[in-house]
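The structure file input.cif is reproduced below (mmCIF, C-alpha atoms).
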```
data_model
loop_
_atom_site.label_atom_id
_atom_site.label_comp_id
_atom_site.auth_asym_id
_atom_site.auth_seq_id
_atom_site.Cartn_x
_atom_site.Cartn_y
_atom_site.Cartn_z
CA MET A 1245 13.24 167.40 -14.88
CA SER A 1246 10.24 169.24 -16.31
CA LYS A 1247 10.62 171.25 -19.49
CA LYS A 1248 9.72 174.46 -17.61
CA ALA A 1249 12.83 174.12 -15.44
CA LYS A 1250 15.14 174.10 -18.43
CA GLY A 1251 17.24 177.09 -19.34
CA ILE A 1252 20.61 178.33 -20.53
CA ILE A 1253 23.97 177.92 -18.81
CA SER A 1254 26.32 180.76 -19.64
CA ASN A 1255 29.90 181.06 -18.42
CA GLN A 1256 32.72 183.54 -17.87
CA LEU A 1257 35.47 181.05 -18.64
CA ARG A 1258 37.12 183.12 -21.36
CA LYS A 1259 37.12 186.20 -19.14
CA LYS A 1260 38.54 184.25 -16.20
CA ARG A 1261 41.26 182.80 -18.42
CA PHE A 1262 42.39 186.22 -19.55
CA GLU A 1263 42.29 187.50 -15.98
CA LYS A 1264 44.62 184.66 -15.00
CA ASP A 1265 47.71 185.82 -16.93
CA GLU A 1266 46.04 185.24 -20.31
CA MET A 1267 45.97 181.51 -19.77
CA THR A 1268 45.55 179.62 -23.05
CA GLN A 1269 42.87 176.98 -23.71
CA GLN A 1270 45.67 174.42 -24.05
CA GLU A 1271 47.12 175.31 -20.63
CA LEU A 1272 43.70 175.09 -19.00
CA ALA A 1273 43.00 171.78 -20.74
CA LYS A 1274 46.31 170.40 -19.45
CA ALA A 1275 45.51 171.54 -15.92
CA LEU A 1276 42.10 169.84 -16.07
CA GLY A 1277 43.25 166.73 -17.93
CA ILE A 1278 40.79 167.24 -20.77
CA THR A 1279 41.16 168.19 -24.43
CA ARG A 1280 41.46 171.76 -25.72
CA GLN A 1281 38.40 171.17 -27.92
CA THR A 1282 36.30 170.53 -24.80
CA ILE A 1283 37.42 173.86 -23.31
CA ALA A 1284 36.47 175.56 -26.59
CA ALA A 1285 33.05 173.84 -26.53
CA ILE A 1286 32.44 174.92 -22.90
CA GLU A 1287 33.40 178.53 -23.68
CA ALA A 1288 31.09 178.55 -26.69
CA GLY A 1289 28.24 177.32 -24.46
CA LYS A 1290 27.87 174.18 -26.55
CA TYR A 1291 28.84 171.74 -23.83
CA SER A 1292 28.06 171.72 -20.12
CA PRO A 1293 30.88 170.15 -18.12
CA SER A 1294 30.44 167.68 -15.28
CA LEU A 1295 30.38 168.92 -11.67
CA GLU A 1296 33.90 167.54 -11.20
CA ILE A 1297 35.28 169.70 -14.01
CA ALA A 1298 33.23 172.69 -12.81
CA PHE A 1299 34.65 172.42 -9.28
CA CYS A 1300 38.18 171.94 -10.66
CA LEU A 1301 37.67 175.21 -12.55
CA THR A 1302 36.74 176.99 -9.32
CA ASP A 1303 39.99 175.67 -7.78
CA ILE A 1304 42.09 176.83 -10.74
CA PHE A 1305 40.54 180.31 -10.87
CA GLU A 1306 40.17 180.54 -7.08
CA THR A 1307 36.60 181.70 -7.34
CA SER A 1308 33.08 180.45 -6.67
CA LEU A 1309 31.06 178.34 -9.04
CA ASP A 1310 28.43 181.01 -9.68
CA GLU A 1311 31.12 183.45 -10.78
CA ILE A 1312 32.09 181.09 -13.58
CA PHE A 1313 28.73 179.55 -14.49
CA GLN A 1314 25.36 181.29 -14.57
CA TRP A 1315 21.98 179.65 -14.96
CA GLN A 1316 19.07 181.45 -16.57
CA SER A 1317 15.82 179.55 -16.91
CA TYR A 1318 13.57 180.12 -19.92
CA GLN A 1319 10.81 181.19 -17.53
CA GLU A 1320 13.07 183.91 -16.12
CA ASN A 1321 13.93 184.96 -19.68
CA ALA A 1322 10.26 185.22 -20.62
CA GLU A 1323 9.47 187.34 -17.54
CA GLN A 1324 12.33 189.73 -18.34
CA THR A 1325 11.13 190.28 -21.89
CA LYS A 1326 7.56 191.10 -20.78
CA MET B 403 40.93 170.34 -43.62
CA ILE B 404 38.63 167.97 -41.72
CA PHE B 405 41.25 167.31 -39.01
CA LYS B 406 41.70 170.98 -38.17
CA ASN B 407 40.46 171.95 -34.71
CA SER B 408 39.39 168.39 -33.95
CA ASN B 409 40.49 166.09 -31.16
CA PHE B 410 41.72 162.52 -31.38
CA SER B 411 38.26 160.93 -31.01
CA GLU B 412 36.83 162.97 -33.88
CA GLN B 413 39.82 162.18 -36.07
CA ALA B 414 39.42 158.47 -35.23
CA ALA B 415 35.71 158.74 -36.07
CA TRP B 416 36.55 160.19 -39.51
CA ILE B 417 38.96 157.32 -40.14
CA SER B 418 36.34 154.75 -39.07
CA LEU B 419 33.76 156.39 -41.32
CA ILE B 420 36.07 156.19 -44.35
CA PHE B 421 37.01 152.65 -43.26
CA THR B 422 33.36 151.47 -43.33
CA VAL B 423 32.89 152.87 -46.85
CA PHE B 424 36.12 151.17 -47.98
CA ILE B 425 35.11 147.83 -46.44
CA ALA B 426 31.57 148.06 -47.87
CA ILE B 427 33.00 148.60 -51.38
CA PHE B 428 35.63 145.86 -50.90
CA TYR B 429 33.08 143.34 -49.63
CA THR B 430 30.47 144.18 -52.29
CA ASN B 431 33.12 143.81 -54.98
CA GLY B 432 34.16 140.42 -53.58
CA LEU B 433 30.54 139.36 -53.27
CA SER B 434 29.83 140.17 -56.91
CA GLN B 435 32.66 137.82 -57.97
CA LEU B 436 31.45 134.90 -55.83
CA GLU B 437 30.04 131.84 -57.54
CA GLY B 438 27.50 129.55 -55.90
CA ASP B 439 26.04 129.87 -52.42
CA PHE B 440 27.32 129.12 -48.92
CA ALA B 441 26.11 125.51 -48.99
CA SER B 442 27.89 124.68 -52.27
CA ASN B 443 30.91 127.00 -52.12
CA ALA B 444 31.61 127.82 -48.48
CA GLY B 445 35.37 128.05 -49.09
CA ALA B 446 34.99 131.05 -51.38
CA ILE B 447 32.92 132.97 -48.81
CA VAL B 448 35.37 132.15 -46.02
CA GLY B 449 38.14 133.34 -48.37
CA LEU B 450 36.27 136.61 -48.89
CA TRP B 451 36.00 137.07 -45.11
CA GLY B 452 39.72 136.38 -44.75
CA SER B 453 40.66 138.90 -47.44
CA THR B 454 38.26 141.43 -45.89
CA ILE B 455 39.92 141.02 -42.48
CA ILE B 456 43.41 141.40 -44.02
CA ALA B 457 42.28 144.50 -45.96
CA SER B 458 40.79 145.92 -42.72
CA ILE B 459 44.04 145.42 -40.80
CA ILE B 460 46.12 147.01 -43.58
CA PHE B 461 43.71 149.97 -43.81
CA ALA B 462 43.71 150.49 -40.03
CA VAL B 463 47.52 150.34 -39.76
CA VAL B 464 48.05 152.76 -42.67
CA ALA B 465 45.28 155.18 -41.57
CA PHE B 466 46.32 155.37 -37.91
CA SER B 467 50.02 155.67 -38.79
CA LEU B 468 49.09 158.56 -41.07
CA LEU B 469 46.99 160.11 -38.30
CA ALA B 470 49.88 159.80 -35.80
CA PHE B 471 52.16 161.50 -38.35
CA ILE B 472 49.67 164.35 -38.97
CA ARG B 473 49.16 164.83 -35.21
CA LYS B 474 52.93 164.99 -34.68
CA LEU B 475 53.21 167.52 -37.51
CA ASN B 476 50.49 169.72 -35.95
CA GLY B 477 51.93 169.33 -32.43
CA ASP B 478 48.73 167.62 -31.24
CA ASP B 479 50.69 164.64 -29.93
CA GLU B 480 51.53 166.72 -26.83
CA ASP B 481 47.92 166.48 -25.63
CA ILE B 482 47.81 165.02 -22.11
CA SER B 483 44.39 163.46 -22.56
CA LEU B 484 43.24 161.78 -25.75
CA ILE B 485 39.70 161.09 -24.54
CA ASP B 486 37.73 163.05 -21.98
CA GLU B 487 34.18 163.23 -20.58
CA ARG B 488 32.81 165.08 -23.62
CA ASP B 489 34.09 162.30 -25.91
CA GLU B 490 32.38 159.73 -23.70
CA VAL B 491 29.07 161.64 -23.76
CA ILE B 492 29.22 161.91 -27.55
CA GLU B 493 30.18 158.25 -27.91
CA ASN B 494 27.22 157.23 -25.73
CA LYS B 495 24.84 159.20 -27.97
CA ALA B 496 26.38 157.57 -31.05
CA SER B 497 26.11 154.10 -29.47
CA THR B 498 22.40 154.67 -28.86
CA TRP B 499 21.83 155.40 -32.55
CA ALA B 500 23.97 152.39 -33.49
CA TYR B 501 21.95 150.14 -31.17
CA TYR B 502 18.64 151.29 -32.70
CA ASN B 503 20.04 150.62 -36.16
CA LEU B 504 21.36 147.17 -35.23
CA SER B 505 17.99 146.22 -33.71
CA PHE B 506 16.22 147.42 -36.87
CA CYS B 507 18.58 145.48 -39.17
CA ILE B 508 18.16 142.25 -37.19
CA MET B 509 14.38 142.64 -37.19
CA VAL B 510 14.37 143.21 -40.96
CA MET B 511 16.52 140.11 -41.55
CA ILE B 512 14.35 137.90 -39.33
CA ILE B 513 11.14 139.17 -40.97
CA HIS B 514 12.67 138.67 -44.43
CA ILE B 515 13.73 135.07 -43.70
CA PHE B 516 10.32 134.34 -42.17
CA CYS B 517 8.47 135.82 -45.17
CA GLN B 518 10.73 133.95 -47.61
CA GLY B 519 9.78 130.67 -45.93
CA VAL B 520 6.05 131.39 -45.62
CA ILE B 521 5.09 133.44 -48.71
CA SER B 522 5.50 131.46 -51.95
CA SER B 523 5.77 134.45 -54.31
CA TYR B 524 7.89 136.65 -52.00
CA PRO B 525 9.51 139.19 -54.34
CA PHE B 526 12.66 140.31 -52.44
CA PHE B 527 15.98 138.44 -52.85
CA SER B 528 14.05 135.31 -53.88
CA ASN B 529 17.20 133.74 -55.44
CA VAL B 530 19.32 134.20 -52.29
CA PRO B 531 19.16 131.28 -49.79
CA PRO B 532 18.22 132.31 -46.21
CA LEU B 533 21.62 131.30 -44.78
CA ASP B 534 23.48 133.43 -47.34
CA PHE B 535 21.11 136.33 -46.73
CA LEU B 536 21.77 136.06 -42.99
CA ILE B 537 25.57 135.85 -43.37
CA HIS B 538 25.91 138.76 -45.80
CA GLY B 539 23.09 140.65 -44.11
CA LEU B 540 24.92 140.52 -40.78
CA MET B 541 28.12 141.70 -42.46
CA PHE B 542 26.39 144.70 -44.08
CA SER B 543 24.45 145.40 -40.88
CA GLY B 544 27.74 145.56 -38.98
CA ILE B 545 29.17 147.97 -41.55
CA LEU B 546 26.01 150.11 -41.50
CA VAL B 547 25.96 150.19 -37.69
CA GLU B 548 29.58 151.34 -37.58
CA PHE B 549 28.87 153.95 -40.27
CA ILE B 550 25.86 155.34 -38.40
CA ALA B 551 27.73 155.37 -35.07
CA ARG B 552 30.68 157.28 -36.52
CA ALA B 553 28.52 159.65 -38.62
CA SER B 554 26.44 160.43 -35.53
CA GLN B 555 29.63 160.97 -33.50
CA ILE B 556 31.01 163.40 -36.13
CA TYR B 557 27.64 165.21 -36.27
CA HIS B 558 27.73 165.79 -32.51
CA TYR B 559 31.34 166.96 -32.63
CA ARG B 560 30.59 169.39 -35.47
CA LYS B 561 27.41 170.59 -33.73
CA ALA B 562 29.36 171.42 -30.58
CA ALA B 563 32.74 172.26 -32.12
#
```
Produce structure tokens that represent the structure in this file.
Amino acid sequence: MSKKAKGIISNQLRKKRFEKDEMTQQELAKALGITRQTIAAIEAGKYSPSLEIAFCLTDIFETSLDEIFQWQSYQENAEQTK
Amino acid sequence: MIFKNSNFSEQAAWISLIFTVFIAIFYTNGLSQLEGDFASNAGAIVGLWGSTIIASIIFAVVAFSLLAFIRKLNGDDEDISLIDERDEVIENKASTWAYYNLSFCIMVMIIHIFCQGVISSYPFFSNVPPLDFLIHGLMFSGILVEFIARASQIYHYRKAA
């Protein structure tokens, strides 16, 4: 992948959790079979999960992938700031 | 506390990090008390290895029992998964650093032994026979590799905590 294509992945995981009966990080971690610390890292935008985890999240929250994760390339960012 | 908000892999990495420091001190202390070299006093060096292995096992049993107790106290023992994909990604990064370090250490040892045999006034470790240098060098390389792997693992966990 070229450097130009790189960008930031943001997510609405925290919001989705609260919308789903204020689900805790621990409950979500249990549902996904991963650790709570990984959920915290994903929410903080410090770790990008695998596609498997991402699709499991769409199943749990009954939503589409792009409603949970958003991609913004640096190029797009630069154009917006112009 | 270092174990707060950390998962099992990070806690295990902290234990391994402390373990490498403990073993390095233990082995250096034993090495300083050794008399003669491997050719003349092999039994003493084998004895040092034996005591190092026993000390390692005791340390590991005590440290991991303590960790299990702390995890039970904090309620972390209810975690369904101890290791997940993020742990594997971080471990892979740490292994890469460890591999580079191991390669570097082996290269340094080979170059040292070569120079010791070729250069007559070679200044480094001139009183240590090549076989002894290799044996102890491999031991310290192993400790250093483990230290770097675990330190790198902890760095990545802290960076993305």
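Checking B:Gln555, B:Asn494, B:Gln413, B:Gln435 one by one against Ile472 (chain B), counting all atoms listed in the file, you find the shortest gap at B:Gln413.
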>> Could you tell me which residues of chain A sit within 8 Å of chain B when counting only C-alpha atoms, and give me the result as an MDAnalysis selection string?
In response: chainID A and resid 1274 1277:1282 1284:1285 1290:1291 1293:1294
Restricting the output to C-alpha atoms, write the selected residues as a compact mmCIF listing (two decimals), in the frame of the given file.
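Result file is again-v8.txt:
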```txt
# COMPACT_ATOMS: atom_id res chain seq x y z
CA LYS A 1274 46.31 170.40 -19.45
CA GLY A 1277 43.25 166.73 -17.93
CA ILE A 1278 40.79 167.24 -20.77
CA THR A 1279 41.16 168.19 -24.43
CA ARG A 1280 41.46 171.76 -25.72
CA GLN A 1281 38.40 171.17 -27.92
CA THR A 1282 36.30 170.53 -24.80
CA ALA A 1284 36.47 175.56 -26.59
CA ALA A 1285 33.05 173.84 -26.53
CA LYS A 1290 27.87 174.18 -26.55
CA TYR A 1291 28.84 171.74 -23.83
CA PRO A 1293 30.88 170.15 -18.12
CA SER A 1294 30.44 167.68 -15.28
```
>> What does the structure give for the distance between CA of Ile427 (chain B) and CA of Val547 (chain B), in Å to one decimal?
In response: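 If I compute the distance from CA of Ile427 (chain B) to CA of Val547 (chain B), I get 15.5 Å.
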> From the list A:Gly1289, A:Glu1263, A:Ile1283, A:Ser1254, which residue is nearest Glu1306 (chain A) when using all atoms listed in the file?
Replying inline: A:Glu1263
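You will find CA of Pro532 (chain B) at 27.3 Å from CA of Ala551 (chain B).
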> Taking into account all atoms listed in the file, which residue in the set B:Val463, B:Ile420, B:Ile556, B:Ala414 is nearest to Lys495 (chain B)?
Replying inline: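 Using all atoms listed in the file, Lys495 (chain B) sits closest to B:Ile556.
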> Which residue out of B:Ala462, B:Leu546, B:Leu450, B:Ile515 has the minimum interatomic distance to Asn503 (chain B) when all atoms listed in the file are used?
Replying inline: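 Smallest distance to Asn503 (chain B) is found for B:Leu546.
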> Between A:Leu1295, A:Ile1304, A:Ile1312, A:Tyr1318, which has the minimum distance to Arg1258 (chain A) (counting all atoms listed in the file)?
Replying inline: A:Ile1312
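Straight-line separation from CA of Ala500 (chain B) to CA of Phe527 (chain B): 25.2 Å.
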>> Evaluated on this file, the PyMOL selection byres ((chain B and resi 542) around 12) picks out some residues - which ones are they, written as a list in words?
In response: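 Taken on the displayed file, the PyMOL selection byres ((chain B and resi 542) around 12) yields the residues Thr422, Val423, Ile425, Ala426, Ile427, Phe428, Tyr429, Thr430, Leu433, Asn503, Leu504, Cys507, Ile508, Met511, Phe535, Leu536, Ile537, His538, Gly539, Leu540, Met541, Ser543, Gly544, Ile545, Leu546, Val547, Glu548 and Phe549 of chain B.
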> Which residue, B:Ile550, B:Leu468, B:Ala415, B:Leu533, has the smallest gap to Thr498 (chain B) when you use all atoms listed in the file?
Replying inline: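 Of all the options, B:Ile550 lies closest to Thr498 (chain B).
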